[in-house]
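*Asks:* Structure below; questions to follow.
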Amino acid sequence: MTDINLTAVLFEQNDLRMEDCPIPSPGPGQVLLEMKEVGICGSDVHYWTHGRIGDFVLEAPMVLGHEASAVVSKLGEGVTSLKVGDRVAIEPGVPCRRCNYCKTGRYNLCLDMKFCATPPYDGNLARFYVHDADFCFKLPDHVTFEEGALLEPLSVAVHATNRAGIKLGNTVLVCGAGPIGLVNILTAKAKGAAFVCVTDLDASRLEMAKKLGADFTVQVTSRDPLVTVQAIEEALGDKADVAIECSGAAPSLKTAIYATKSGGVVVLVGLGQEMVEMPVVNAGVREVDIRGIFRYVNCYPTALAMIASGKVDVKPLVTHRYKLEESIKAFEAAKRGEGIKIMISCDRKKQ
Ligand code: NAD
């Protein structure tokens with residue numbers, strides 16, 4: 001193998017291979033990127049182990065990876081916003097730009113979205129990758145490539161907390177302390193939440209939540225959501241103004257609704273089973289709004305500003321580091337549930 005463009009290709013369920021692929025050429029409006037850091041997301045692991053997520057089914061080999069940063073190495077025709085050598089974070093979804101969702105500013109809902117490592121579109125866990133220039137965000141010199149890659153999950157939290165409408169002094173419940181719950185803690189705090197209470201089944205994840213600024217943690221030990229609700233209310237002194245559900249677990253969804261004040265908002269970030277039982281009458285008569293989110297929209301600039309200004313520190317999220325050549329080992333560690341965020345370095349100079 002010459003390792004001209006070493007790439008992590010998922011051929012089919014449970015068949016991830018490191019392949020040497022041709023270096024792609026940037027088309028008009030695109031840039032060729034020399035990849036630097038790529039974080040592993042739960043969805044990458046799920047495609048590897050299940051070959052599908054909901055209606056997105058792996059039908060042909062696909063490159064994994066979508067939480068990424070890079071250096072611009074070649075400009076396609078007409079690109080003026082970037083130059084060779086620029087350090088960038090990559091927003092992984094490029095929408096059609098023409099449909100009503102795109103034109104009205106909700107491009108995350110575009111039906112023709114080309115999103116890295118969502119079938120049939122390739123991701124960017126590789127040495128080289130091509131992306132649309134206007135979905136690359138220039139990183140200031142003091143923002144690291146790992147932070148650049150973490151703009152992706154942080155953008156999910158920016159969108160979730162926007163949809164939650166968090167106001168100065170609010171109390172916020174975050175259910176689930178995986179990477180997505182953790183970035184929601186950081187973002188809720190940065191938006192002025194007075195107190196953030198976090199739930200999880202796992203004590204070590206709650207430890208990390210505390211380290212990142214959670215004021216209270218509640219370990220979920222009962223299958224009865226009302227037991228968890230009582231512990232949350234004891235911690236916060238009342239129900240929460242806003243709940244952000246980041247576990248996808250059905251009992252946690254019930255907890256989120258019951259633990260939110262009348263007139264409050266529950267944001268569904270976690271994606272679990274398609275059909276779940278929910279206390280809709282309780283939510284309805286108490287005017288608890290239940291809002292979904294899908295990825296993010298126009299959130300990369302905000303996420304970058306939060307990191308660049310020091311308002312949030314995502315660095316502690318990275319617990320494990322691997323080289324591109326070791327990607328399969330990295331995915332095995334992610335499958336075992338090790339650590340919080342596993343980062344893969346594609347940088348040959350760091351090898
Ligand atoms: P993760 O699996 O690492 O974290 C989930 C956490 O929830 C774990 O720590 C787990 O212990 C905890 N948990 C499980 N059951 C629980 C319960 N009953 N109560 C409280 N906590 C419980 O996943 P992640 O990477 O942090 O992502 C979280 C969720 O967000 C996933 O469902 C993912 O698919 C979803 N997600 C959604 C979007 C979107 O656009 N809506 C974007 C990114 C991720």
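Please note that chains go A, B, ... in the order of the structure tokens, that every chain numbers its residues from 1, and that ligands are numbered from 1 in the order shown.
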Just want the residues within 7 Å of ligand 1, written as a PyMOL selection string, counting only C-alpha atoms and all ligand atoms.
*Replies:* chain A and resi 41-43+153+156+175-181+199-202+205+220+246-252+268-272+292-296
*Asks:* What would the file look like if the residues just selected were written as a PDB file, in the first residue's frame with C-alpha atoms?
*Replies:*
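The resulting result.pdb:
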```pdb
ATOM      1  CA  CYS A  41     -19.488   9.812  16.450  1.00  0.00           C
ATOM      2  CA  GLY A  42     -21.995   7.230  17.697  1.00  0.00           C
ATOM      3  CA  SER A  43     -23.560   7.245  14.211  1.00  0.00           C
ATOM      4  CA  PRO A 153     -21.127  18.094  18.143  1.00  0.00           C
ATOM      5  CA  VAL A 156     -25.757  20.220  17.709  1.00  0.00           C
ATOM      6  CA  CYS A 175     -30.750  13.937  30.219  1.00  0.00           C
ATOM      7  CA  GLY A 176     -27.789  11.766  29.228  1.00  0.00           C
ATOM      8  CA  ALA A 177     -24.137  12.706  29.690  1.00  0.00           C
ATOM      9  CA  GLY A 178     -22.621  11.302  26.493  1.00  0.00           C
ATOM     10  CA  PRO A 179     -20.703  13.693  24.224  1.00  0.00           C
ATOM     11  CA  ILE A 180     -23.945  15.344  23.082  1.00  0.00           C
ATOM     12  CA  GLY A 181     -25.289  15.826  26.621  1.00  0.00           C
ATOM     13  CA  THR A 199     -28.912  12.590  34.523  1.00  0.00           C
ATOM     14  CA  ASP A 200     -27.202   9.401  33.373  1.00  0.00           C
ATOM     15  CA  LEU A 201     -27.077   5.717  34.273  1.00  0.00           C
ATOM     16  CA  ASP A 202     -23.291   5.814  34.384  1.00  0.00           C
ATOM     17  CA  ARG A 205     -20.191  10.037  32.721  1.00  0.00           C
ATOM     18  CA  VAL A 220     -30.684   7.003  37.198  1.00  0.00           C
ATOM     19  CA  CYS A 246     -29.807  13.620  24.971  1.00  0.00           C
ATOM     20  CA  SER A 247     -30.037   9.895  25.723  1.00  0.00           C
ATOM     21  CA  GLY A 248     -32.694   8.678  23.294  1.00  0.00           C
ATOM     22  CA  ALA A 249     -33.897   6.291  26.049  1.00  0.00           C
ATOM     23  CA  ALA A 250     -37.700   6.040  26.263  1.00  0.00           C
ATOM     24  CA  PRO A 251     -37.894   6.263  30.099  1.00  0.00           C
ATOM     25  CA  SER A 252     -35.706   9.374  29.974  1.00  0.00           C
ATOM     26  CA  LEU A 268     -35.639  15.977  21.803  1.00  0.00           C
ATOM     27  CA  VAL A 269     -32.028  15.511  20.762  1.00  0.00           C
ATOM     28  CA  GLY A 270     -31.577  11.802  21.515  1.00  0.00           C
ATOM     29  CA  LEU A 271     -32.803   9.454  18.810  1.00  0.00           C
ATOM     30  CA  GLY A 272     -33.966   6.090  20.099  1.00  0.00           C
ATOM     31  CA  GLY A 292     -37.295  18.130  17.902  1.00  0.00           C
ATOM     32  CA  ILE A 293     -33.952  19.064  16.451  1.00  0.00           C
ATOM     33  CA  PHE A 294     -32.150  17.759  13.389  1.00  0.00           C
ATOM     34  CA  ARG A 295     -28.412  18.373  13.444  1.00  0.00           C
ATOM     35  CA  TYR A 296     -27.886  22.172  13.183  1.00  0.00           C
TER      36      TYR A 296
END
```
*Asks:* For Lys254 of chain A, work out the shell of residues within 9 Å, counting only C-alpha atoms and skipping chain neighbours fewer than 5 positions away, then give it as a list in words.
*Replies:*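 Result of the neighbour search: Pro225, Leu226, Ala259, Glu277, Met278 and Pro279 of chain A.
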*Asks:* Under the rule that only C-alpha atoms are counted, which of A:Asp44, A:Glu146, A:Glu207, A:Asp241 is the nearest residue to His320 of chain A?
*Replies:*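 Using only C-alpha atoms, the shortest distance to His320 of chain A belongs to A:Glu146.
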*Asks:* For Ala305 of chain A, work out the shell of residues within 12 Å, counting only C-alpha atoms and skipping chain neighbours fewer than 4 positions away, then give it as a ChimeraX atom specification.
*Replies:* /A:137-140,143,147-148,151,154-155,158,187,190,299-301,309-313
*Asks:* What does the distance between atom CA of Pro95 of chain A and atom CA of Ser327 of chain A come to in Å, to one decimal place?
*Replies:* 28.3 Å
*Asks:* Just checking: using only C-alpha atoms, which residue out of A:Ser25, A:Asn298, A:Asn14, A:Ser262 ends up closest to Arg106 of chain A?
*Replies:* A:Asn298
*Asks:* Report as number ranges by chain all protein, DNA and RNA residues lying within 8 Å of Leu82 of chain A, evaluated on only C-alpha atoms, omitting residues in the same chain fewer than 2 positions from it.
*Replies:* A: 72, 75, 79-80, 84, 86, 133, 138
*Asks:* Limited to C-alpha atoms, could you put the picked residues into a file as a PDB file, in the first residue's frame?
*Replies:*
```
ATOM      1  CA  VAL A  72      -6.860  23.603   2.447  1.00  0.00           C
ATOM      2  CA  LEU A  75      -8.665  25.464  -4.646  1.00  0.00           C
ATOM      3  CA  VAL A  79     -13.047  29.799  -4.801  1.00  0.00           C
ATOM      4  CA  THR A  80     -12.075  33.165  -3.311  1.00  0.00           C
ATOM      5  CA  VAL A  84      -4.120  27.159   0.277  1.00  0.00           C
ATOM      6  CA  ASP A  86      -5.969  27.829   5.603  1.00  0.00           C
ATOM      7  CA  ALA A 133     -15.673  25.871   0.246  1.00  0.00           C
ATOM      8  CA  LYS A 138     -11.543  29.215   8.863  1.00  0.00           C
TER       9      LYS A 138
END
```
*Asks:* Residues of segment 198-232 of chain A in strand (DSSP E or B) according to DSSP, as JSON, numbers by chain?
*Replies:* {"A": [198, 199, 200, 216, 217, 218, 219]}
*Asks:* Of the candidates A:Val31, A:Val94, A:Ala160, A:Leu182, which shows the shortest atom-to-atom distance to Val242 of chain A, using only C-alpha atoms?
*Replies:*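 Of all the options, A:Ala160 lies closest to Val242 of chain A.
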*Asks:* I'd like to know which of A:His131, A:Lys315, A:Lys211, A:Arg17 is closest to Thr144 of chain A, using only C-alpha atoms.
*Replies:*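 When distances to Thr144 of chain A are compared using only C-alpha atoms, the smallest one comes from A:Lys315.
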*Asks:* Give me, as JSON lines, the closest atom pair and its distance (Å, one decimal) for every residue of segment 3-97 of chain A within a cut-off of 7 Å of segment 122-125 of chain A, counting only C-alpha atoms, rows sorted by chain and rising number.
*Replies:*
```
{"residue": "A:Thr7", "atom": "CA", "partner": "A:Leu125", "partner_atom": "CA", "distance": 6.0}
{"residue": "A:Ala8", "atom": "CA", "partner": "A:Leu125", "partner_atom": "CA", "distance": 5.7}
{"residue": "A:Val38", "atom": "CA", "partner": "A:Leu125", "partner_atom": "CA", "distance": 6.3}
{"residue": "A:Met62", "atom": "CA", "partner": "A:Asp122", "partner_atom": "CA", "distance": 5.1}
{"residue": "A:Val63", "atom": "CA", "partner": "A:Asp122", "partner_atom": "CA", "distance": 4.6}
{"residue": "A:Leu64", "atom": "CA", "partner": "A:Gly123", "partner_atom": "CA", "distance": 4.7}
{"residue": "A:Gly65", "atom": "CA", "partner": "A:Gly123", "partner_atom": "CA", "distance": 4.8}
{"residue": "A:His66", "atom": "CA", "partner": "A:Gly123", "partner_atom": "CA", "distance": 5.5}
```
*Asks:* Write a file of the just-selected residues containing C-alpha atoms, as a PDB file, in the first residue's frame.
*Replies:*
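Dumped everything to again_23.pdb:
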```pdb
ATOM      1  CA  THR A   7      -9.199   6.053   3.789  1.00  0.00           C
ATOM      2  CA  ALA A   8     -11.555   4.279   6.239  1.00  0.00           C
ATOM      3  CA  VAL A  38     -11.689  13.396  12.760  1.00  0.00           C
ATOM      4  CA  MET A  62     -18.995   4.407   2.153  1.00  0.00           C
ATOM      5  CA  VAL A  63     -16.195   6.387   3.820  1.00  0.00           C
ATOM      6  CA  LEU A  64     -16.904   7.027   7.521  1.00  0.00           C
ATOM      7  CA  GLY A  65     -16.280  10.226   9.526  1.00  0.00           C
ATOM      8  CA  HIS A  66     -17.972  13.628   9.706  1.00  0.00           C
TER       9      HIS A  66
END
```
*Asks:* I'd like to know which of A:Val172, A:Leu150, A:Ala70, A:Val280 is closest to Val318 of chain A, using only C-alpha atoms.
*Replies:*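 Smallest distance to Val318 of chain A is found for A:Leu150.
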*Asks:* Can you measure atom CA of Cys96 of chain A to atom CA of His50 of chain A for me? One decimal in Å is fine.
*Replies:* 28.2 Å
*Asks:* Calculate how many Å separate atom CA of His46 of chain A from atom CA of Pro24 of chain A, rounding to one decimal.
*Replies:*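 Separation of atom CA of His46 of chain A and atom CA of Pro24 of chain A: 26.5 Å.
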*Asks:* Considering only C-alpha atoms, return as a list in words whatever protein or nucleic-acid residues lie within 9 Å of Ala235 of chain A, sequence-local ones (same chain, fewer than 4 positions apart) excluded.
*Replies:*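 Here the answer would be Cys197, Asp215, Phe216, Thr217, Val218, Gln230 and Ala231 of chain A.
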*Asks:* Can you write out the residues you just picked, keeping C-alpha atoms, as a PDB file, in the first residue's frame?
*Replies:*
```
ATOM      1  CA  CYS A 197     -28.890  19.255  36.395  1.00  0.00           C
ATOM      2  CA  ASP A 215     -24.321  21.965  39.079  1.00  0.00           C
ATOM      3  CA  PHE A 216     -26.194  18.785  40.006  1.00  0.00           C
ATOM      4  CA  THR A 217     -26.075  15.202  38.813  1.00  0.00           C
ATOM      5  CA  VAL A 218     -28.661  12.489  39.274  1.00  0.00           C
ATOM      6  CA  GLN A 230     -38.184  13.458  42.339  1.00  0.00           C
ATOM      7  CA  ALA A 231     -34.377  13.473  42.616  1.00  0.00           C
TER       8      ALA A 231
END
```
*Asks:* Which of these, A:Leu16, A:Val265, A:Val71, A:Ile307, has the shortest distance to Gly165 of chain A once you count only C-alpha atoms?
*Replies:* A:Val265
